[in-house]
Amino acid sequence: MDRILLVDDDKSLCELLAEFMESEGFSVEAVHDGEKAVQRALADRFSLVILDVMLPGLGGIEVLKSIRRQSTGPIRMLTARGEEVDRIVGLELGADDYLPKPFNPRELIARIRAILRRGRMESAGEATPGILRIADLVIDPAARHVSANGKTIELTTVEFDLLETLAQAAGTAFSRENLVRQVLKRPFSPFDRSLDVHVSNLRRKIGSYPDGSERIKTVRGVGYILAFPPEETRP
């Protein structure tokens, strides 16, 4: 059974969400402050952490930073509707996704299942692509391992999925809509900038090619492309 750590200081909301998620087959543990959230997230194995931004004491953003220092497991942020700064900061610090309050519990369940489904497919040993190599960038989908210039790069779940998607068709431009639907698993909205934040984080982590050229390029009016370095072409 998939285990979820629910972090929110609203105990009534936690009870309602826990009851709903448990009725959908999930095991839920709820904590109501930031310090306890960090302790539990790092002490045990959870399939997913659902983290509210507004927490007493150690806030949600600080909790996210603390967890990300030691774990790349999936984290979904809950934010107040309209608090765009919280969403952007959370994504920049490594959150996989966000959901503004108030929200439909069924949408939360759909997002939970989307990311856990990917994990089950990997653990079940379903067919995965072979190792992808673009110059010094090496991506191992089976091990979910990435290295550049021989150095391991720690990526979040969404960052890895985004890089793998781009790498499987390196040299081909992907539309923002395509990437939102394929990687983030949700309907596309032109006002949703979370994909751009994930791309920015990914660019920062994987850096440039040894010759200084950009790995992930913006295709104006379209989206993004994982480019080959100048001396390489598509095999």
# chains A, B, ... in the order shown; residues from 1 in each chain; ligands from 1
>>> residues_around(residues="segment 210-224 of chain A", least_positions_apart="4", cutoff="9 Å", atoms="only C-alpha atoms", output="list in words")
Ala135, Asp136, Asn149, Leu166, Thr172, Ala173, Phe174, Ser175, Arg176, Glu177, Asn178, Leu179, Val199, Leu202, Arg203, Ile206, Phe228, Pro229 and Pro230 of chain A
>>> residues_around(residues="Gly57 of chain A", least_positions_apart="4", cutoff="12 Å", atoms="only C-alpha atoms", output="list in words")
Asp9, His32, Asp33, Gly34, Glu35, Lys36, Ala37, Val53, Ile61, Glu62 and Val63 of chain A
>>> write_last_selection(atoms="C-alpha atoms", output="PDB file, in the first residue's frame")
ATOM      1  CA  ASP A   9      -1.678  22.500  10.516  1.00  0.00           C
ATOM      2  CA  HIS A  32       0.796  19.335  11.862  1.00  0.00           C
ATOM      3  CA  ASP A  33       4.082  21.221  12.251  1.00  0.00           C
ATOM      4  CA  GLY A  34       7.243  21.678  10.228  1.00  0.00           C
ATOM      5  CA  GLU A  35       9.761  20.174  12.643  1.00  0.00           C
ATOM      6  CA  LYS A  36       7.779  16.936  12.926  1.00  0.00           C
ATOM      7  CA  ALA A  37       7.328  16.864   9.151  1.00  0.00           C
ATOM      8  CA  VAL A  53       3.244  26.080   2.645  1.00  0.00           C
ATOM      9  CA  ILE A  61       9.361  26.277   2.311  1.00  0.00           C
ATOM     10  CA  GLU A  62      11.952  25.568   5.021  1.00  0.00           C
ATOM     11  CA  VAL A  63      10.564  22.050   5.423  1.00  0.00           C
TER      12      VAL A  63
END
>>> select_by_dssp(residues="segment 52-123 of chain A", states="helix (DSSP H, G or I)", output="PyMOL selection string")
chain A and resi 60-68+84-92+105-123
>>> atom_distance(atom1="atom CA of Leu108 of chain A", atom2="atom CA of Phe188 of chain A")
16.6 Å
>>> select_by_dssp(residues="segment 63-159 of chain A", states="strand (DSSP E)", output="list of chain:residue names")
A:Ile75, A:Arg76, A:Met77, A:Leu78, A:Thr79, A:Ala80, A:Asp97, A:Tyr98, A:Leu99, A:Pro100, A:Lys101, A:Leu132, A:Arg133, A:Ile134, A:Leu137, A:Val138, A:Ile139, A:Asp140, A:His145, A:Val146, A:Ser147, A:Ala148, A:Lys151, A:Thr152, A:Ile153
>>> residues_around(residues="Ala167 of chain A", least_positions_apart="6", cutoff="10 Å", atoms="only C-alpha atoms", output="PyMOL selection string")
chain A and resi 132-134+137-139+161+216+225-228
>>> atom_distance(atom1="atom CA of His198 of chain A", atom2="atom CA of Tyr98 of chain A")
12.1 Å
>>> closest_residue(among="A:Val7, A:Ala142, A:Val49, A:Cys14", to="Asp96 of chain A", atoms="only C-alpha atoms")
A:Val49
>>> closest_atom_pairs(of="segment 18-85 of chain A", to="segment 102-107 of chain A", cutoff="9 Å", atoms="only C-alpha atoms", output="JSON lines")
{"residue": "A:Phe20", "atom": "CA", "partner": "A:Pro105", "partner_atom": "CA", "distance": 7.6}
{"residue": "A:Met21", "atom": "CA", "partner": "A:Pro105", "partner_atom": "CA", "distance": 8.5}
{"residue": "A:Thr79", "atom": "CA", "partner": "A:Pro102", "partner_atom": "CA", "distance": 8.8}
{"residue": "A:Ala80", "atom": "CA", "partner": "A:Pro102", "partner_atom": "CA", "distance": 7.6}
{"residue": "A:Arg81", "atom": "CA", "partner": "A:Pro102", "partner_atom": "CA", "distance": 7.2}
>>> atom_distance(atom1="atom CA of Ile4 of chain A", atom2="atom CA of Lys101 of chain A")
18.7 Å
